[in-house]
file my_file19.cif (mmCIF, C-alpha atoms)
data_structure
#
loop_
_atom_site.label_atom_id
_atom_site.label_comp_id
_atom_site.auth_asym_id
_atom_site.auth_seq_id
_atom_site.Cartn_x
_atom_site.Cartn_y
_atom_site.Cartn_z
CA MET A 1 0.00 0.00 0.00
CA GLU A 2 2.79 2.37 0.94
CA ASN A 3 4.68 1.47 -2.24
CA ARG A 4 1.55 2.10 -4.28
CA SER A 5 1.02 5.45 -2.56
CA SER A 6 4.65 6.36 -3.10
CA GLY A 7 4.33 5.40 -6.77
CA VAL A 8 1.28 7.64 -7.15
CA LEU A 9 3.17 10.55 -5.62
CA ASP A 10 6.16 9.95 -7.89
CA HIS A 11 3.91 9.88 -10.97
CA PHE A 12 2.17 13.01 -9.73
CA ARG A 13 5.45 14.83 -9.36
CA GLN A 14 7.28 13.82 -12.50
CA GLY A 15 5.32 11.22 -14.44
CA SER A 16 4.50 11.27 -18.13
CA PRO A 17 1.35 13.25 -19.05
CA GLU A 18 -0.79 10.07 -18.94
CA THR A 19 0.52 8.74 -15.61
CA PHE A 20 0.44 12.25 -14.14
CA GLU A 21 -3.26 12.72 -14.94
CA ALA A 22 -4.11 9.29 -13.49
CA ALA A 23 -2.08 10.03 -10.35
CA PHE A 24 -3.77 13.43 -9.99
CA GLU A 25 -7.23 11.85 -10.18
CA THR A 26 -6.23 9.25 -7.59
CA LEU A 27 -4.94 11.93 -5.23
CA PHE A 28 -8.04 14.05 -5.80
CA ARG A 29 -10.36 11.18 -4.91
CA LEU A 30 -8.26 10.22 -1.90
CA HIS A 31 -7.93 13.69 -0.41
CA GLN A 32 -10.92 15.75 -1.58
CA HIS A 33 -12.94 15.12 1.58
CA ALA A 34 -10.08 16.05 3.89
CA VAL A 35 -9.36 19.20 1.89
CA TYR A 36 -13.05 20.11 1.78
CA GLY A 37 -13.38 19.60 5.54
CA TRP A 38 -10.36 21.76 6.27
CA ILE A 39 -11.62 24.57 4.05
CA LEU A 40 -15.13 24.36 5.50
CA ARG A 41 -13.68 24.87 8.97
CA ILE A 42 -12.18 28.13 7.73
CA VAL A 43 -14.86 29.59 5.46
CA ARG A 44 -17.90 27.97 7.19
CA ASN A 45 -19.88 28.06 3.98
CA PRO A 46 -20.47 24.68 2.28
CA SER A 47 -20.94 26.07 -1.22
CA ALA A 48 -17.81 28.22 -1.04
CA ALA A 49 -15.90 25.30 0.45
CA GLU A 50 -16.79 23.15 -2.56
CA ASP A 51 -15.61 25.82 -4.99
CA LEU A 52 -12.43 26.38 -2.99
CA THR A 53 -11.71 22.65 -2.93
CA VAL A 54 -11.70 22.67 -6.73
CA GLU A 55 -9.57 25.84 -6.70
CA THR A 56 -7.13 24.18 -4.29
CA PHE A 57 -6.72 21.10 -6.47
CA TRP A 58 -6.30 23.31 -9.52
CA ARG A 59 -3.43 25.07 -7.74
CA ILE A 60 -2.06 21.65 -6.78
CA HIS A 61 -2.27 20.57 -10.43
CA GLN A 62 -0.35 23.66 -11.50
CA ALA A 63 2.32 23.31 -8.80
CA HIS A 64 2.91 19.55 -9.05
CA ALA A 65 6.56 19.94 -10.11
CA ARG A 66 7.32 21.73 -6.83
CA PHE A 67 5.86 18.94 -4.69
CA GLU A 68 8.36 17.12 -2.47
CA PRO A 69 7.06 13.59 -1.73
CA ILE A 70 9.07 13.28 1.49
CA TYR A 71 6.92 15.99 3.13
CA GLY A 72 3.67 14.17 2.36
CA PHE A 73 0.75 15.19 0.20
CA GLU A 74 -1.80 15.95 2.90
CA GLY A 75 0.17 18.67 4.65
CA TRP A 76 1.11 20.27 1.34
CA ALA A 77 -2.49 20.21 0.13
CA ARG A 78 -3.70 21.62 3.45
CA ARG A 79 -1.30 24.51 3.16
CA ILE A 80 -2.45 25.34 -0.36
CA ALA A 81 -6.08 24.99 0.78
CA THR A 82 -5.44 27.40 3.65
CA ARG A 83 -4.00 29.97 1.25
CA ALA A 84 -6.99 29.62 -1.08
CA ALA A 85 -9.38 30.00 1.85
CA LEU A 86 -7.43 33.01 3.12
CA ASP A 87 -7.73 34.66 -0.31
CA TRP A 88 -11.48 34.06 -0.17
CA LEU A 89 -11.78 35.50 3.34
CA ARG A 90 -9.95 38.63 2.22
CA THR A 91 -12.59 39.29 -0.42
CA ARG A 92 -15.41 39.16 2.12
CA ARG A 93 -16.75 42.25 3.85
CA PRO A 94 -15.99 42.09 7.58
CA GLU A 95 -19.61 42.81 8.47
CA SER A 96 -21.01 40.10 6.23
CA GLU A 97 -23.55 37.93 7.98
CA LEU A 98 -22.82 34.33 8.77
CA PRO A 99 -24.48 31.83 6.43
CA PRO A 100 -27.85 30.74 7.78
CA ASP A 101 -27.21 27.00 7.34
CA LEU A 102 -24.50 26.74 9.98
CA PRO A 103 -25.34 24.30 12.79
CA ALA A 104 -26.60 25.69 16.07
CA PRO A 105 -24.38 25.06 19.10
CA ALA A 106 -24.88 21.52 20.41
CA ALA A 107 -24.98 22.68 24.01
CA ALA A 108 -26.03 26.31 23.92
CA ASP A 109 -25.49 28.10 27.21
CA PRO A 110 -28.90 29.56 28.22
CA ALA A 111 -27.10 32.50 29.84
CA VAL A 112 -25.74 33.53 26.44
CA SER A 113 -28.53 35.03 24.38
CA ALA A 114 -28.83 34.63 20.64
CA GLU A 115 -28.15 38.37 20.26
CA ILE A 116 -24.88 38.10 22.18
CA ARG A 117 -23.85 35.14 20.04
CA ARG A 118 -24.67 37.12 16.92
CA GLN A 119 -22.74 40.17 18.14
CA THR A 120 -19.78 37.94 19.01
CA ALA A 121 -19.79 36.33 15.57
CA LEU A 122 -19.95 39.75 13.91
CA ALA A 123 -17.15 41.11 16.10
CA PHE A 124 -15.08 38.05 15.25
CA GLY A 125 -15.67 38.78 11.58
CA ARG A 126 -14.19 42.25 12.07
CA LEU A 127 -10.84 40.91 13.30
CA PRO A 128 -7.83 41.02 10.97
CA VAL A 129 -8.08 37.97 8.76
CA LYS A 130 -4.82 36.35 9.90
CA LEU A 131 -5.78 36.60 13.57
CA ARG A 132 -9.26 35.34 12.78
CA LEU A 133 -7.92 32.34 10.92
CA ALA A 134 -5.58 31.30 13.74
CA ALA A 135 -8.33 31.68 16.37
CA LEU A 136 -10.89 29.89 14.23
CA LEU A 137 -8.71 26.83 13.75
CA ALA A 138 -7.09 26.70 17.20
CA VAL A 139 -9.98 27.82 19.44
CA VAL A 140 -13.25 27.17 17.62
CA GLU A 141 -12.24 24.02 15.75
CA GLU A 142 -9.73 22.95 18.43
CA GLN A 143 -7.22 21.74 15.87
CA PRO A 144 -3.75 20.87 17.21
CA GLN A 145 -1.58 24.01 17.23
CA LYS A 146 1.12 22.08 15.39
CA ASP A 147 -1.28 21.43 12.49
CA VAL A 148 -2.48 25.04 12.50
CA ALA A 149 1.12 26.26 12.41
CA ALA A 150 1.98 23.94 9.51
CA ALA A 151 -1.09 25.01 7.54
CA LEU A 152 -0.38 28.70 8.08
CA GLY A 153 3.36 28.33 7.46
CA ILE A 154 4.27 29.86 10.84
CA SER A 155 5.67 28.60 14.15
CA VAL A 156 3.56 27.25 17.03
CA ALA A 157 4.63 30.28 19.09
CA ALA A 158 3.31 32.58 16.36
CA VAL A 159 -0.01 30.70 16.39
CA LYS A 160 -0.29 31.20 20.16
CA LEU A 161 0.49 34.90 19.76
CA ARG A 162 -2.11 35.35 17.03
CA VAL A 163 -4.74 33.55 19.11
CA PHE A 164 -3.93 35.71 22.12
CA ARG A 165 -4.17 38.91 20.09
CA ALA A 166 -7.41 37.76 18.44
CA LEU A 167 -9.07 37.05 21.80
CA ARG A 168 -7.87 40.33 23.27
CA LEU A 169 -9.16 42.35 20.30
CA LEU A 170 -12.44 40.44 20.35
CA ARG A 171 -12.90 41.19 24.04
CA LYS A 172 -12.19 44.90 23.46
CA ASP A 173 -14.60 45.07 20.52
CA LEU A 174 -17.36 43.41 22.54
CA ALA A 175 -16.68 45.69 25.51
CA THR A 176 -17.26 48.77 23.32
CA ARG A 177 -20.70 47.32 22.53
CA GLY A 178 -21.49 46.77 26.18
CA ILE A 179 -20.92 43.00 26.11
CA THR A 180 -18.67 41.72 28.87
CA PRO A 181 -18.08 37.97 28.80
CA MET B 1 -6.23 39.91 29.96
CA ASN B 2 -5.88 37.13 32.52
CA GLU B 3 -6.47 33.40 32.16
CA ASP B 4 -10.11 33.61 33.33
CA ASP B 5 -10.90 36.38 30.83
CA ARG B 6 -9.31 34.34 28.09
CA ASN B 7 -11.30 31.23 28.97
CA ARG B 8 -14.57 33.20 29.11
CA ILE B 9 -14.02 34.78 25.71
CA LYS B 10 -13.08 31.37 24.30
CA GLU B 11 -16.33 29.88 25.61
CA LEU B 12 -18.34 32.76 24.20
CA LEU B 13 -16.64 32.35 20.84
CA GLN B 14 -17.40 28.63 20.81
CA GLN B 15 -21.03 29.42 21.59
CA ALA B 16 -21.18 31.96 18.78
CA LEU B 17 -19.39 29.80 16.22
CA PRO B 18 -20.06 26.12 16.83
CA PRO B 19 -17.39 23.82 15.38
CA VAL B 20 -17.99 22.10 12.07
CA ALA B 21 -18.94 18.39 12.17
CA SER B 22 -15.99 16.06 12.57
CA GLU B 23 -15.84 14.70 9.00
CA PRO B 24 -17.93 16.90 6.75
CA GLU B 25 -18.42 15.77 3.17
CA PRO B 26 -19.30 17.82 0.10
CA GLU B 27 -22.88 17.43 -1.08
CA ARG B 28 -21.78 16.49 -4.61
CA ASP B 29 -18.94 14.74 -6.35
CA LEU B 30 -16.41 17.46 -7.09
CA TRP B 31 -14.49 15.58 -9.78
CA PRO B 32 -16.74 16.79 -12.69
CA ALA B 33 -16.19 20.38 -11.53
CA MET B 34 -12.48 19.69 -11.36
CA LEU B 35 -12.48 18.37 -14.94
CA ARG B 36 -14.36 21.47 -16.13
CA ARG B 37 -11.77 23.66 -14.42
CA LEU B 38 -8.92 21.76 -16.05
CA ASP B 39 -10.66 21.93 -19.46
CA VAL B 40 -10.96 25.70 -19.24
CA HIS B 41 -7.26 25.90 -18.57
CA SER B 42 -6.31 23.51 -21.38
CA ALA B 43 -8.60 25.38 -23.82
CA VAL B 44 -5.73 27.80 -24.43
CA PRO B 45 -4.09 26.62 -27.69
CA PRO B 46 -0.91 24.79 -26.75
CA HIS B 47 1.23 26.71 -29.25
CA LEU B 48 0.23 29.93 -27.48
CA SER B 49 1.02 28.67 -24.02
CA ARG B 50 4.58 27.60 -24.77
CA PRO B 51 7.37 29.99 -23.94
CA TRP B 52 9.55 28.74 -26.81
CA LEU B 53 7.40 30.70 -29.27
CA ASP B 54 8.21 33.93 -27.43
CA TRP B 55 11.89 33.13 -27.54
CA ALA B 56 11.76 32.17 -31.23
CA LEU B 57 10.08 35.49 -32.11
CA LEU B 58 12.62 37.40 -30.06
CA ALA B 59 15.51 35.53 -31.70
CA GLY B 60 14.07 36.22 -35.17
CA LEU B 61 13.78 39.89 -34.35
CA ALA B 62 17.36 40.00 -33.08
CA VAL B 63 18.66 38.30 -36.24
CA PHE B 64 16.71 40.70 -38.44
CA ALA B 65 18.01 43.69 -36.50
CA ALA B 66 21.57 42.38 -36.81
CA LEU B 67 21.21 41.94 -40.59
CA CYS B 68 19.45 45.27 -41.13
CA PRO B 69 20.60 47.72 -38.42
CA ALA B 70 18.76 50.52 -40.17
CA SER B 71 15.49 48.86 -39.13
CA ILE B 72 16.18 49.39 -35.42
CA PRO B 73 14.98 53.05 -35.27
CA VAL B 74 11.88 52.03 -37.22
CA PHE B 75 11.14 49.29 -34.68
CA LEU B 76 11.76 51.65 -31.79
CA TYR B 77 9.43 54.20 -33.34
CA TYR B 78 6.59 51.69 -33.51
CA LEU B 79 7.13 50.31 -29.98
#

call {"tool": "encode", "arguments": {"input": "my_file19.cif", "output": "structure tokens"}}
result
Amino acid sequence: MENRSSGVLDHFRQGSPETFEAAFETLFRLHQHAVYGWILRIVRNPSAAEDLTVETFWRIHQAHARFEPIYGFEGWARRIATRAALDWLRTRRPESELPPDLPAPAAADPAVSAEIRRQTALAFGRLPVKLRLAALLAVVEEQPQKDVAAALGISVAAVKLRVFRALRLLRKDLATRGITP
Amino acid sequence: MNEDDRNRIKELLQQALPPVASEPEPERDLWPAMLRRLDVHSAVPPHLSRPWLDWALLAGLAVFAALCPASIPVFLYYL
């Protein structure tokens, strides 16, 4: 299995046009769900996540010669997916509403009203996009900081710093609106 | 901001933005969309997407300019 996987990666990187296309399709089918899931965690919009998954694999297709098999496909794809999602987030207005089809919290705290949750989500949307991304992955999605750092191309210490700054700015923003957690 | 403040704001954020399901899947097969995307890219005629054509034109121009130096000001005028 490992040999087969390694062969696919070799064909993907430097195979003939025929073997490259077959390897690309294999990799797409193997990793599309993981890439989609990662992007959805960032953009939180299923339709946009589908489009960005295709965009990510298109970028992967274009950059195949730069792929280094020893670093693994998943991490490389996740990094490209993060960049594509970041580009998408940058085009969004900070005040844009959250999509209505997001799931409600599984265990909603009755002390936190729907209005406070809405104000918090909007304030979070106003944060600088890099801080927002780090906080979204590390705090909301509770992804390992090591994975977040690898996806963002920064150190674990930098992830911690971004999360800290994001939470501090969020708290300040909410305080100006009379919301004190 | 102390540890308690940080924990409270984290909890509030998790209430406001619930995490995505553990293994979400796209609602449709994305491979057809991927093929359409690749087709759009490959619709560019191959002879136009190859850099050797640019270099061949440049080389031809250089040879012509070397053989007929008087043409250089004319070229520069039309650039």

call {"tool": "closest_residue", "arguments": {"input": "my_file19.cif", "among": "B:Met34, B:Asn2, B:Trp55, B:Asp29", "to": "chain A", "atoms": "all atoms listed in the file"}}
result
B:Met34

call {"tool": "closest_atom_pairs", "arguments": {"input": "my_file19.cif", "of": "chain B", "to": "chain A", "cutoff": "8 Å", "atoms": "only C-alpha atoms", "output": "JSON lines"}}
result
{"residue": "B:Met1", "atom": "CA", "partner": "A:Arg168", "partner_atom": "CA", "distance": 6.9}
{"residue": "B:Asp5", "atom": "CA", "partner": "A:Pro181", "partner_atom": "CA", "distance": 7.6}
{"residue": "B:Arg6", "atom": "CA", "partner": "A:Leu167", "partner_atom": "CA", "distance": 6.9}
{"residue": "B:Arg8", "atom": "CA", "partner": "A:Pro181", "partner_atom": "CA", "distance": 5.9}
{"residue": "B:Ile9", "atom": "CA", "partner": "A:Pro181", "partner_atom": "CA", "distance": 6.0}
{"residue": "B:Lys10", "atom": "CA", "partner": "A:Val139", "partner_atom": "CA", "distance": 6.8}
{"residue": "B:Leu12", "atom": "CA", "partner": "A:Pro181", "partner_atom": "CA", "distance": 7.0}
{"residue": "B:Leu13", "atom": "CA", "partner": "A:Thr120", "partner_atom": "CA", "distance": 6.7}
{"residue": "B:Gln14", "atom": "CA", "partner": "A:Val140", "partner_atom": "CA", "distance": 5.4}
{"residue": "B:Gln15", "atom": "CA", "partner": "A:Pro105", "partner_atom": "CA", "distance": 6.0}
{"residue": "B:Ala16", "atom": "CA", "partner": "A:Arg117", "partner_atom": "CA", "distance": 4.3}
{"residue": "B:Leu17", "atom": "CA", "partner": "A:Ala121", "partner_atom": "CA", "distance": 6.6}
{"residue": "B:Pro18", "atom": "CA", "partner": "A:Pro105", "partner_atom": "CA", "distance": 5.0}
{"residue": "B:Pro19", "atom": "CA", "partner": "A:Glu141", "partner_atom": "CA", "distance": 5.2}
{"residue": "B:Val20", "atom": "CA", "partner": "A:Arg41", "partner_atom": "CA", "distance": 6.0}
{"residue": "B:Glu23", "atom": "CA", "partner": "A:Gly37", "partner_atom": "CA", "distance": 6.5}
{"residue": "B:Pro24", "atom": "CA", "partner": "A:Gly37", "partner_atom": "CA", "distance": 5.4}
{"residue": "B:Glu25", "atom": "CA", "partner": "A:His33", "partner_atom": "CA", "distance": 5.7}
{"residue": "B:Pro26", "atom": "CA", "partner": "A:Glu50", "partner_atom": "CA", "distance": 6.5}
{"residue": "B:Leu30", "atom": "CA", "partner": "A:Val54", "partner_atom": "CA", "distance": 7.0}
{"residue": "B:Trp31", "atom": "CA", "partner": "A:Phe28", "partner_atom": "CA", "distance": 7.7}
{"residue": "B:Ala33", "atom": "CA", "partner": "A:Val54", "partner_atom": "CA", "distance": 7.0}
{"residue": "B:Met34", "atom": "CA", "partner": "A:Val54", "partner_atom": "CA", "distance": 5.6}
{"residue": "B:Arg37", "atom": "CA", "partner": "A:Trp58", "partner_atom": "CA", "distance": 7.4}
{"residue": "B:Leu38", "atom": "CA", "partner": "A:Trp58", "partner_atom": "CA", "distance": 7.2}

call {"tool": "atom_distance", "arguments": {"input": "my_file19.cif", "atom1": "CA of Ala150 (chain A)", "atom2": "CA of Thr82 (chain A)"}}
result
10.1 Å

call {"tool": "closest_residue", "arguments": {"input": "my_file19.cif", "among": "A:Ala63, A:Ala175, A:Ala151, A:Ala48", "to": "Arg83 (chain A)", "atoms": "only C-alpha atoms"}}
result
A:Ala151

call {"tool": "residues_around", "arguments": {"input": "my_file19.cif", "residues": "Val156 (chain A)", "least_positions_apart": "5", "cutoff": "8 Å", "atoms": "all atoms listed in the file", "output": "list of chain:residue names"}}
result
A:Gln145, A:Lys146, A:Val148, A:Ala149

call {"tool": "atom_distance", "arguments": {"input": "my_file19.cif", "atom1": "CA of His31 (chain A)", "atom2": "CA of Trp76 (chain A)"}}
result
11.3 Å

call {"tool": "atom_distance", "arguments": {"input": "my_file19.cif", "atom1": "CA of Ala65 (chain A)", "atom2": "CA of Phe12 (chain A)"}}
result
8.2 Å

call {"tool": "closest_residue", "arguments": {"input": "my_file19.cif", "among": "A:Val43, A:Leu52, A:Tyr71, A:Ile80", "to": "Ser6 (chain A)", "atoms": "only C-alpha atoms"}}
result
A:Tyr71

call {"tool": "axis_aligned_box", "arguments": {"input": "my_file19.cif", "around": "region 6-13 of chain A", "padding_each_side": "3 Å", "output": "AutoDock Vina command-line options"}}
result
--center_x 3.7 --center_y 10.1 --center_z -7.0 --size_x 10.9 --size_y 15.4 --size_z 13.9
